[in-house]
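> Provided herewith is a single structure, encoded as structure tokens, for subsequent inquiry.
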Amino acid sequence: MKITVLTGAGISAESGLPTFRGAGGLWNGIRAETLATPEAFAEDPHRVLAFYNFRRGMVCKAEPNAAHIAIAAVEGPHQVTVITQNVDNLHERAGSSKVLHVHGDIMTARSSHDPSLKVAMDDRDIEWGDLAPDGSQLRPDVVWFGEAVRHIDDSLQHIRDADRFLVIGTSLQVWPVADWIHHATNASARIIIAPDLNQCPPGFEWLQGKACDHVPRVAERWTRAS
Ligand code: NAD
């Protein structure tokens with residue numbers, strides 16, 4: 001069986017990583033344009049680097065939770081692809097082997113000029129003056145507002161081909177990913193897990209609540225299914 005899982009910041013909330021929106025969200029009181037755009041980096045690189053260094057530090061201290069672990073466990077009997085908007089590495093650390101990071105990866109830095117020139121940061125900060133191999137300033141390897149989302153064709157194919165489709169912890173407010181959920185036309189089960197939603201997308205079953213409560217139960221059911 002082919003299972004495709006689409007995750008957002010909510011799946012990592014119970015690992016202690018704040019979401020962007022909702023109560024306690026990172027964007028509360030902050031305008032995204034002041035931190036997560038190429039223009040913000042050009043205007044005040046120190047501020048932008050400090051924001052991402054702080055978040056990288058949080059990711060290093062966080063551990064995968066029961067939801068990340070349950071998704072990885074479904075890989076035994078089934079073919080599982082995780083498409084994540086998250087820049088953390090908790091799916092990989094839980095054991096998922098196929099993870100598409102459509103908004104990039106906070107553990108990696110890249111050249112300001114050439115997105116293909118990357119440097120693994122692990123737990124290190126990116127400092128102003130740290131240079132890529134091409135001599136340009138290093139920046140986080142994340143997708144900022146106005147930049148191209150990654151793995152679009154691949155992600156859409158995995159969503160279209162899915163026999164079961166699970167969406168977890170996303171406010172579905174960031175495009176184009178929010179629109180992708182409507183492409184799961186082949187799936188016999190479409191489930192969305194979130195504590196709050198403005199509206200359940202048509203054709204989905206909404207399991208209202210936290211990822212760590214619902215994902216292990218769904219994963220266990222699907223692990224037993226053929
Ligand atoms: P979002 O912040 O817009 O929405 C998070 C959603 O998760 C909300 O609907 C919230 O109700 C829900 N949620 C909160 N706690 C939950 C829990 N315990 N279980 C299940 N759901 C829960 O997040 P998004 O839709 O992913 O927004 C997109 C942007 O946020 C992405 O670009 C992503 O890179 C970025 N982001 C990533 C991280 C991370 O990597 N961990 C953290 C914050 C933001």
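In the structure tokens, chains take letters A, B, ... by order of appearance, with residues numbered from 1 within each chain and ligands from 1 in the order shown.
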Give me the residues within 8 Å of stretch 167-176 of chain A as a PDB file with all heavy atoms, in the first residue's frame, counting only C-alpha atoms and dropping any in the same chain fewer than 6 places off.

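Generated file (part-v4.pdb):
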```pdb
ATOM      1  N   VAL A   5       2.134  11.118   3.514  1.00  0.00           N
ATOM      2  CA  VAL A   5       1.869  11.900   4.728  1.00  0.00           C
ATOM      3  C   VAL A   5       2.353  13.320   4.485  1.00  0.00           C
ATOM      4  O   VAL A   5       3.497  13.517   4.056  1.00  0.00           O
ATOM      5  CB  VAL A   5       2.625  11.290   5.934  1.00  0.00           C
ATOM      6  CG1 VAL A   5       2.296  12.049   7.208  1.00  0.00           C
ATOM      7  CG2 VAL A   5       2.310   9.806   6.102  1.00  0.00           C
ATOM      8  N   LEU A   6       1.476  14.285   4.721  1.00  0.00           N
ATOM      9  CA  LEU A   6       1.860  15.703   4.585  1.00  0.00           C
ATOM     10  C   LEU A   6       1.853  16.336   5.966  1.00  0.00           C
ATOM     11  O   LEU A   6       0.833  16.310   6.654  1.00  0.00           O
ATOM     12  CB  LEU A   6       0.863  16.423   3.671  1.00  0.00           C
ATOM     13  CG  LEU A   6       1.020  17.939   3.540  1.00  0.00           C
ATOM     14  CD1 LEU A   6       2.322  18.311   2.825  1.00  0.00           C
ATOM     15  CD2 LEU A   6      -0.164  18.545   2.787  1.00  0.00           C
ATOM     16  N   THR A   7       2.998  16.873   6.393  1.00  0.00           N
ATOM     17  CA  THR A   7       3.051  17.423   7.749  1.00  0.00           C
ATOM     18  C   THR A   7       3.389  18.913   7.747  1.00  0.00           C
ATOM     19  O   THR A   7       4.010  19.441   6.821  1.00  0.00           O
ATOM     20  CB  THR A   7       4.084  16.677   8.620  1.00  0.00           C
ATOM     21  OG1 THR A   7       5.399  16.885   8.111  1.00  0.00           O
ATOM     22  CG2 THR A   7       3.796  15.194   8.686  1.00  0.00           C
ATOM     23  N   GLY A   8       2.963  19.561   8.856  1.00  0.00           N
ATOM     24  CA  GLY A   8       3.284  20.962   9.088  1.00  0.00           C
ATOM     25  C   GLY A   8       3.788  21.120  10.513  1.00  0.00           C
ATOM     26  O   GLY A   8       3.974  20.128  11.252  1.00  0.00           O
ATOM     27  N   ALA A   9       3.976  22.361  10.906  1.00  0.00           N
ATOM     28  CA  ALA A   9       4.611  22.669  12.192  1.00  0.00           C
ATOM     29  C   ALA A   9       3.932  21.985  13.377  1.00  0.00           C
ATOM     30  O   ALA A   9       4.570  21.667  14.371  1.00  0.00           O
ATOM     31  CB  ALA A   9       4.606  24.182  12.393  1.00  0.00           C
ATOM     32  N   GLY A  10       2.605  21.699  13.264  1.00  0.00           N
ATOM     33  CA  GLY A  10       1.872  21.112  14.386  1.00  0.00           C
ATOM     34  C   GLY A  10       2.394  19.747  14.803  1.00  0.00           C
ATOM     35  O   GLY A  10       2.290  19.380  15.973  1.00  0.00           O
ATOM     36  N   ILE A  11       2.991  18.989  13.885  1.00  0.00           N
ATOM     37  CA  ILE A  11       3.473  17.653  14.283  1.00  0.00           C
ATOM     38  C   ILE A  11       4.684  17.771  15.202  1.00  0.00           C
ATOM     39  O   ILE A  11       4.948  16.866  16.011  1.00  0.00           O
ATOM     40  CB  ILE A  11       3.779  16.734  13.079  1.00  0.00           C
ATOM     41  CG1 ILE A  11       3.935  15.285  13.565  1.00  0.00           C
ATOM     42  CG2 ILE A  11       5.026  17.181  12.328  1.00  0.00           C
ATOM     43  CD1 ILE A  11       4.028  14.244  12.489  1.00  0.00           C
ATOM     44  N   ARG A  21       1.618  29.682  13.438  1.00  0.00           N
ATOM     45  CA  ARG A  21       0.332  30.325  13.710  1.00  0.00           C
ATOM     46  C   ARG A  21      -0.354  29.636  14.880  1.00  0.00           C
ATOM     47  O   ARG A  21       0.045  28.562  15.281  1.00  0.00           O
ATOM     48  CB  ARG A  21      -0.551  30.282  12.454  1.00  0.00           C
ATOM     49  CG  ARG A  21       0.111  31.047  11.321  1.00  0.00           C
ATOM     50  CD  ARG A  21      -0.621  30.915  10.003  1.00  0.00           C
ATOM     51  NE  ARG A  21       0.198  31.526   8.961  1.00  0.00           N
ATOM     52  CZ  ARG A  21       1.220  30.921   8.370  1.00  0.00           C
ATOM     53  NH1 ARG A  21       1.543  29.680   8.680  1.00  0.00           N
ATOM     54  NH2 ARG A  21       1.937  31.544   7.466  1.00  0.00           N
ATOM     55  N   VAL A 149       9.138  26.991  -3.844  1.00  0.00           N
ATOM     56  CA  VAL A 149       8.921  25.765  -3.058  1.00  0.00           C
ATOM     57  C   VAL A 149       9.595  24.609  -3.794  1.00  0.00           C
ATOM     58  O   VAL A 149       9.641  24.582  -5.021  1.00  0.00           O
ATOM     59  CB  VAL A 149       7.396  25.540  -2.909  1.00  0.00           C
ATOM     60  CG1 VAL A 149       7.078  24.171  -2.360  1.00  0.00           C
ATOM     61  CG2 VAL A 149       6.806  26.625  -2.019  1.00  0.00           C
ATOM     62  N   ARG A 190      -8.666   9.633   3.433  1.00  0.00           N
ATOM     63  CA  ARG A 190      -8.027  10.957   3.521  1.00  0.00           C
ATOM     64  C   ARG A 190      -8.343  11.494   4.906  1.00  0.00           C
ATOM     65  O   ARG A 190      -9.513  11.741   5.222  1.00  0.00           O
ATOM     66  CB  ARG A 190      -8.592  11.909   2.458  1.00  0.00           C
ATOM     67  CG  ARG A 190      -8.095  11.639   1.062  1.00  0.00           C
ATOM     68  CD  ARG A 190      -8.704  12.615   0.078  1.00  0.00           C
ATOM     69  NE  ARG A 190     -10.104  12.294  -0.147  1.00  0.00           N
ATOM     70  CZ  ARG A 190     -10.561  11.510  -1.119  1.00  0.00           C
ATOM     71  NH1 ARG A 190      -9.723  11.016  -1.998  1.00  0.00           N
ATOM     72  NH2 ARG A 190     -11.842  11.244  -1.236  1.00  0.00           N
ATOM     73  N   ILE A 191      -7.277  11.639   5.708  1.00  0.00           N
ATOM     74  CA  ILE A 191      -7.488  12.028   7.112  1.00  0.00           C
ATOM     75  C   ILE A 191      -6.681  13.278   7.403  1.00  0.00           C
ATOM     76  O   ILE A 191      -5.524  13.395   6.963  1.00  0.00           O
ATOM     77  CB  ILE A 191      -7.048  10.873   8.053  1.00  0.00           C
ATOM     78  CG1 ILE A 191      -7.965   9.670   7.845  1.00  0.00           C
ATOM     79  CG2 ILE A 191      -7.049  11.309   9.513  1.00  0.00           C
ATOM     80  CD1 ILE A 191      -7.589   8.442   8.669  1.00  0.00           C
ATOM     81  N   ILE A 192      -7.268  14.199   8.150  1.00  0.00           N
ATOM     82  CA  ILE A 192      -6.524  15.382   8.597  1.00  0.00           C
ATOM     83  C   ILE A 192      -6.572  15.447  10.124  1.00  0.00           C
ATOM     84  O   ILE A 192      -7.634  15.290  10.729  1.00  0.00           O
ATOM     85  CB  ILE A 192      -7.041  16.671   7.907  1.00  0.00           C
ATOM     86  CG1 ILE A 192      -6.202  17.880   8.318  1.00  0.00           C
ATOM     87  CG2 ILE A 192      -8.514  16.948   8.171  1.00  0.00           C
ATOM     88  CD1 ILE A 192      -6.322  19.052   7.354  1.00  0.00           C
ATOM     89  N   ILE A 193      -5.401  15.641  10.732  1.00  0.00           N
ATOM     90  CA  ILE A 193      -5.291  15.694  12.195  1.00  0.00           C
ATOM     91  C   ILE A 193      -4.830  17.095  12.594  1.00  0.00           C
ATOM     92  O   ILE A 193      -3.749  17.540  12.182  1.00  0.00           O
ATOM     93  CB  ILE A 193      -4.292  14.630  12.712  1.00  0.00           C
ATOM     94  CG1 ILE A 193      -4.815  13.221  12.403  1.00  0.00           C
ATOM     95  CG2 ILE A 193      -4.036  14.805  14.211  1.00  0.00           C
ATOM     96  CD1 ILE A 193      -3.838  12.093  12.687  1.00  0.00           C
ATOM     97  N   ALA A 194      -5.638  17.782  13.377  1.00  0.00           N
ATOM     98  CA  ALA A 194      -5.294  19.131  13.869  1.00  0.00           C
ATOM     99  C   ALA A 194      -6.251  19.476  15.000  1.00  0.00           C
ATOM    100  O   ALA A 194      -7.413  19.045  14.979  1.00  0.00           O
ATOM    101  CB  ALA A 194      -5.410  20.165  12.751  1.00  0.00           C
ATOM    102  N   LEU A 197      -9.351  23.796  13.009  1.00  0.00           N
ATOM    103  CA  LEU A 197      -9.334  24.048  11.563  1.00  0.00           C
ATOM    104  C   LEU A 197     -10.453  25.029  11.289  1.00  0.00           C
ATOM    105  O   LEU A 197     -11.512  24.934  11.921  1.00  0.00           O
ATOM    106  CB  LEU A 197      -9.675  22.777  10.789  1.00  0.00           C
ATOM    107  CG  LEU A 197      -8.636  21.701  10.518  1.00  0.00           C
ATOM    108  CD1 LEU A 197      -9.300  20.572   9.719  1.00  0.00           C
ATOM    109  CD2 LEU A 197      -7.457  22.261   9.748  1.00  0.00           C
ATOM    110  N   ALA A 211      -1.428  15.618  17.495  1.00  0.00           N
ATOM    111  CA  ALA A 211      -0.772  14.597  16.670  1.00  0.00           C
ATOM    112  C   ALA A 211      -0.410  13.357  17.488  1.00  0.00           C
ATOM    113  O   ALA A 211      -0.637  12.229  17.046  1.00  0.00           O
ATOM    114  CB  ALA A 211       0.480  15.196  16.021  1.00  0.00           C
TER     115      ALA A 211
END
```
> Apply DSSP to the structure's backbone, then extract all residues of stretch 73-157 of chain A labelled strand (DSSP E) and return them as a list in words.
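So the strand (DSSP E) residues in stretch 73-157 of chain A would be Gln79, Val80, Thr81, Val82, Ile83, Thr84, Val99, Leu100, His101, Gly104, Asp105, Ile106, Met107, Thr108, Ala109, Arg110, Ser111, Lys118, Val119, Ala120, Leu138, Arg139, Pro140, Asp141 and Val142 of chain A.
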> Using only C-alpha atoms, determine which residues lie at most 12 Å from A:Ser12, disregarding the query and same-chain residues fewer than 2 positions distant; provide the list as a ChimeraX atom specification.
/A:7-10,14-20,58-59,62-69,84-91,94,168-170,210-212
> Of the candidates A:Asn186, A:Glu33, A:Gln79, A:Gly209, which shows the shortest atom-to-atom distance to ligand 1, using only C-alpha atoms and all ligand atoms?
A:Gly209
> Restricting the calculation to only C-alpha atoms and all ligand atoms, which member of A:Gly146, A:Gly129, A:Gly104, A:Pro216 is positioned closest to ligand 1?
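Counting only C-alpha atoms and all ligand atoms, the residue closest to ligand 1 is A:Gly104.
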> Determine which residues of stretch 106-205 of chain A receive a DSSP assignment of alpha helix (DSSP H), computed from the backbone, and state them as a ChimeraX atom specification.
/A:152-161,177-180
> Using only C-alpha atoms and all ligand atoms, which residue out of A:His103, A:Arg224, A:Arg93, A:His151 lies closest to ligand 1?
A:His103
> Set the distance at 7 Å and use only C-alpha atoms: which residues neighbour stretch 180-184 of chain A once local chain neighbours fewer than 3 positions away are removed? I'd like the list as a list in words.
Leu156, Ile159, Arg160, Ala162, Phe165, Pro176, Val177 and Ala187 of chain A
> Could you save those same residues with N, CA and C atoms as a tab-separated table (two decimals), in the first residue's frame?

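Here's the written file again.tsv:
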```
chain	number	residue	atom	x	y	z
A	156	LEU	N	3.46	16.23	-5.73
A	156	LEU	CA	2.13	16.07	-6.32
A	156	LEU	C	1.93	14.64	-6.82
A	159	ILE	N	1.19	12.43	-3.88
A	159	ILE	CA	-0.17	12.68	-3.36
A	159	ILE	C	-1.20	12.04	-4.31
A	160	ARG	N	-1.00	12.19	-5.60
A	160	ARG	CA	-1.94	11.60	-6.57
A	160	ARG	C	-1.95	10.08	-6.49
A	162	ALA	N	-1.25	8.17	-3.93
A	162	ALA	CA	-1.45	7.60	-2.59
A	162	ALA	C	-2.72	6.76	-2.51
A	165	PHE	N	-3.97	8.87	2.48
A	165	PHE	CA	-3.34	10.20	2.57
A	165	PHE	C	-3.63	10.78	3.95
A	176	PRO	N	2.06	27.06	-2.27
A	176	PRO	CA	1.01	26.28	-2.91
A	176	PRO	C	0.64	25.00	-2.14
A	177	VAL	N	1.32	24.69	-1.05
A	177	VAL	CA	1.12	23.40	-0.39
A	177	VAL	C	-0.34	23.20	0.02
A	187	ALA	N	-6.91	8.24	-3.30
A	187	ALA	CA	-6.84	7.68	-1.94
A	187	ALA	C	-8.21	7.21	-1.44
```
> Using only C-alpha atoms, which residue out of A:Asp105, A:Glu39, A:Glu75, A:Asp44 lies closest to A:Ala120?
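Between A:Asp105, A:Glu39, A:Glu75, A:Asp44, the residue approaching A:Ala120 most closely is A:Asp105.
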> Residues within 12 Å of A:Leu35, please, as a PyMOL selection string. Count only C-alpha atoms; anything in the same chain fewer than 6 positions from it doesn't count.
chain A and resi 26-27+41-52+140+142-145
> With N, CA and C atoms retained, write the just-selected residues as an mmCIF file, in the first residue's frame.

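Saved as selection-v3.cif:
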```cif
data_model
loop_
_atom_site.group_PDB
_atom_site.id
_atom_site.type_symbol
_atom_site.label_atom_id
_atom_site.label_comp_id
_atom_site.auth_asym_id
_atom_site.auth_seq_id
_atom_site.Cartn_x
_atom_site.Cartn_y
_atom_site.Cartn_z
ATOM 1 N N LEU A 26 5.103 31.343 16.459
ATOM 2 C CA LEU A 26 6.263 32.207 16.246
ATOM 3 C C LEU A 26 5.902 33.527 15.586
ATOM 4 N N TRP A 27 4.848 33.526 14.783
ATOM 5 C CA TRP A 27 4.502 34.753 14.045
ATOM 6 C C TRP A 27 3.613 35.694 14.850
ATOM 7 N N PHE A 41 16.653 39.733 4.792
ATOM 8 C CA PHE A 41 18.051 39.312 4.958
ATOM 9 C C PHE A 41 18.992 40.391 4.411
ATOM 10 N N ALA A 42 18.596 41.007 3.298
ATOM 11 C CA ALA A 42 19.436 42.072 2.725
ATOM 12 C C ALA A 42 19.463 43.278 3.658
ATOM 13 N N GLU A 43 18.329 43.558 4.297
ATOM 14 C CA GLU A 43 18.211 44.769 5.118
ATOM 15 C C GLU A 43 18.878 44.595 6.490
ATOM 16 N N ASP A 44 18.669 43.425 7.120
ATOM 17 C CA ASP A 44 19.202 43.226 8.474
ATOM 18 C C ASP A 44 19.605 41.754 8.656
ATOM 19 N N PRO A 45 20.738 41.367 8.056
ATOM 20 C CA PRO A 45 21.126 39.949 8.101
ATOM 21 C C PRO A 45 21.361 39.448 9.519
ATOM 22 N N HIS A 46 21.842 40.312 10.404
ATOM 23 C CA HIS A 46 22.122 39.865 11.780
ATOM 24 C C HIS A 46 20.837 39.385 12.455
ATOM 25 N N ARG A 47 19.773 40.153 12.272
ATOM 26 C CA ARG A 47 18.483 39.821 12.877
ATOM 27 C C ARG A 47 17.935 38.498 12.318
ATOM 28 N N VAL A 48 18.039 38.340 11.010
ATOM 29 C CA VAL A 48 17.513 37.124 10.380
ATOM 30 C C VAL A 48 18.352 35.911 10.794
ATOM 31 N N LEU A 49 19.682 36.051 10.795
ATOM 32 C CA LEU A 49 20.535 34.927 11.204
ATOM 33 C C LEU A 49 20.259 34.553 12.661
ATOM 34 N N ALA A 50 20.066 35.554 13.507
ATOM 35 C CA ALA A 50 19.809 35.272 14.932
ATOM 36 C C ALA A 50 18.514 34.477 15.098
ATOM 37 N N PHE A 51 17.487 34.821 14.330
ATOM 38 C CA PHE A 51 16.204 34.110 14.399
ATOM 39 C C PHE A 51 16.385 32.633 14.021
ATOM 40 N N TYR A 52 17.113 32.389 12.934
ATOM 41 C CA TYR A 52 17.291 30.997 12.493
ATOM 42 C C TYR A 52 18.295 30.251 13.374
ATOM 43 N N PRO A 140 20.568 30.536 5.851
ATOM 44 C CA PRO A 140 19.868 29.263 6.087
ATOM 45 C C PRO A 140 19.320 28.696 4.772
ATOM 46 N N VAL A 142 16.636 27.532 3.889
ATOM 47 C CA VAL A 142 15.179 27.441 4.018
ATOM 48 C C VAL A 142 14.535 28.277 2.913
ATOM 49 N N VAL A 143 13.282 27.951 2.628
ATOM 50 C CA VAL A 143 12.551 28.683 1.586
ATOM 51 C C VAL A 143 11.855 29.869 2.237
ATOM 52 N N TRP A 144 12.227 31.061 1.810
ATOM 53 C CA TRP A 144 11.593 32.260 2.350
ATOM 54 C C TRP A 144 10.379 32.644 1.504
ATOM 55 N N PHE A 145 9.511 33.471 2.061
ATOM 56 C CA PHE A 145 8.360 33.957 1.297
ATOM 57 C C PHE A 145 8.887 34.605 0.011
#
```
> What does the distance from atom 32 (O, counted along the ligand's line) of ligand 1 to atom CA of A:His101 come to in Å, to one decimal?
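Rounded to one decimal, the two atoms are 9.9 Å apart.
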> What's the separation between atom CA of A:Ile106 and atom CA of A:Lys118, in Å to one decimal place?
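Separation of atom CA of A:Ile106 and atom CA of A:Lys118: 11.5 Å.
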> Hey, what's within 12 Å of A:Gly76 if we count only C-alpha atoms and toss same-chain stuff fewer than 6 positions away? As a PDB file with N, CA, C and O atoms, in the first residue's frame, please?

```
ATOM      1  N   MET A   1       0.850  -1.197   0.000  1.00  0.00           N
ATOM      2  CA  MET A   1       0.000   0.000   0.000  1.00  0.00           C
ATOM      3  C   MET A   1       0.882   1.243   0.000  1.00  0.00           C
ATOM      4  O   MET A   1       1.913   1.261   0.666  1.00  0.00           O
ATOM      5  N   LYS A   2       0.460   2.250  -0.735  1.00  0.00           N
ATOM      6  CA  LYS A   2       1.250   3.492  -0.783  1.00  0.00           C
ATOM      7  C   LYS A   2       0.597   4.558   0.108  1.00  0.00           C
ATOM      8  O   LYS A   2      -0.550   4.942  -0.107  1.00  0.00           O
ATOM      9  N   ILE A   3       1.361   4.992   1.085  1.00  0.00           N
ATOM     10  CA  ILE A   3       0.851   5.985   2.044  1.00  0.00           C
ATOM     11  C   ILE A   3       1.651   7.272   1.889  1.00  0.00           C
ATOM     12  O   ILE A   3       2.892   7.254   1.906  1.00  0.00           O
ATOM     13  N   ALA A  70       5.608   7.001  15.015  1.00  0.00           N
ATOM     14  CA  ALA A  70       4.553   6.136  14.462  1.00  0.00           C
ATOM     15  C   ALA A  70       4.576   6.162  12.936  1.00  0.00           C
ATOM     16  O   ALA A  70       4.375   5.123  12.288  1.00  0.00           O
ATOM     17  N   GLY A  95      13.313   7.982  11.995  1.00  0.00           N
ATOM     18  CA  GLY A  95      13.553   6.793  11.172  1.00  0.00           C
ATOM     19  C   GLY A  95      12.861   6.800   9.818  1.00  0.00           C
ATOM     20  O   GLY A  95      12.977   5.817   9.087  1.00  0.00           O
ATOM     21  N   SER A  96      12.160   7.870   9.453  1.00  0.00           N
ATOM     22  CA  SER A  96      11.548   7.907   8.115  1.00  0.00           C
ATOM     23  C   SER A  96      12.658   8.022   7.069  1.00  0.00           C
ATOM     24  O   SER A  96      13.567   8.836   7.213  1.00  0.00           O
ATOM     25  N   SER A  97      12.545   7.211   6.010  1.00  0.00           N
ATOM     26  CA  SER A  97      13.650   7.191   5.042  1.00  0.00           C
ATOM     27  C   SER A  97      13.369   8.034   3.808  1.00  0.00           C
ATOM     28  O   SER A  97      14.279   8.400   3.090  1.00  0.00           O
ATOM     29  N   ALA A 219      -1.740   5.056  12.532  1.00  0.00           N
ATOM     30  CA  ALA A 219      -0.588   4.304  12.010  1.00  0.00           C
ATOM     31  C   ALA A 219      -0.716   2.823  12.347  1.00  0.00           C
ATOM     32  O   ALA A 219      -0.434   1.959  11.512  1.00  0.00           O
ATOM     33  N   GLU A 220      -1.179   2.530  13.543  1.00  0.00           N
ATOM     34  CA  GLU A 220      -1.313   1.127  13.940  1.00  0.00           C
ATOM     35  C   GLU A 220      -2.372   0.424  13.077  1.00  0.00           C
ATOM     36  O   GLU A 220      -2.178  -0.697  12.616  1.00  0.00           O
ATOM     37  N   TRP A 222      -3.267   1.256  10.041  1.00  0.00           N
ATOM     38  CA  TRP A 222      -2.781   1.110   8.670  1.00  0.00           C
ATOM     39  C   TRP A 222      -1.651   0.080   8.588  1.00  0.00           C
ATOM     40  O   TRP A 222      -1.460  -0.545   7.560  1.00  0.00           O
ATOM     41  N   THR A 223      -0.903  -0.082   9.671  1.00  0.00           N
ATOM     42  CA  THR A 223       0.182  -1.068   9.663  1.00  0.00           C
ATOM     43  C   THR A 223      -0.410  -2.462   9.517  1.00  0.00           C
ATOM     44  O   THR A 223       0.137  -3.326   8.828  1.00  0.00           O
ATOM     45  N   ARG A 224      -1.561  -2.677  10.150  1.00  0.00           N
ATOM     46  CA  ARG A 224      -2.191  -4.007  10.115  1.00  0.00           C
ATOM     47  C   ARG A 224      -2.910  -4.254   8.785  1.00  0.00           C
ATOM     48  O   ARG A 224      -3.126  -5.386   8.398  1.00  0.00           O
ATOM     49  N   SER A 226      -3.735  -4.476   4.759  1.00  0.00           N
ATOM     50  CA  SER A 226      -2.895  -4.926   3.649  1.00  0.00           C
ATOM     51  C   SER A 226      -3.072  -3.981   2.469  1.00  0.00           C
ATOM     52  O   SER A 226      -3.980  -3.182   2.428  1.00  0.00           O
TER      53      SER A 226
END
```
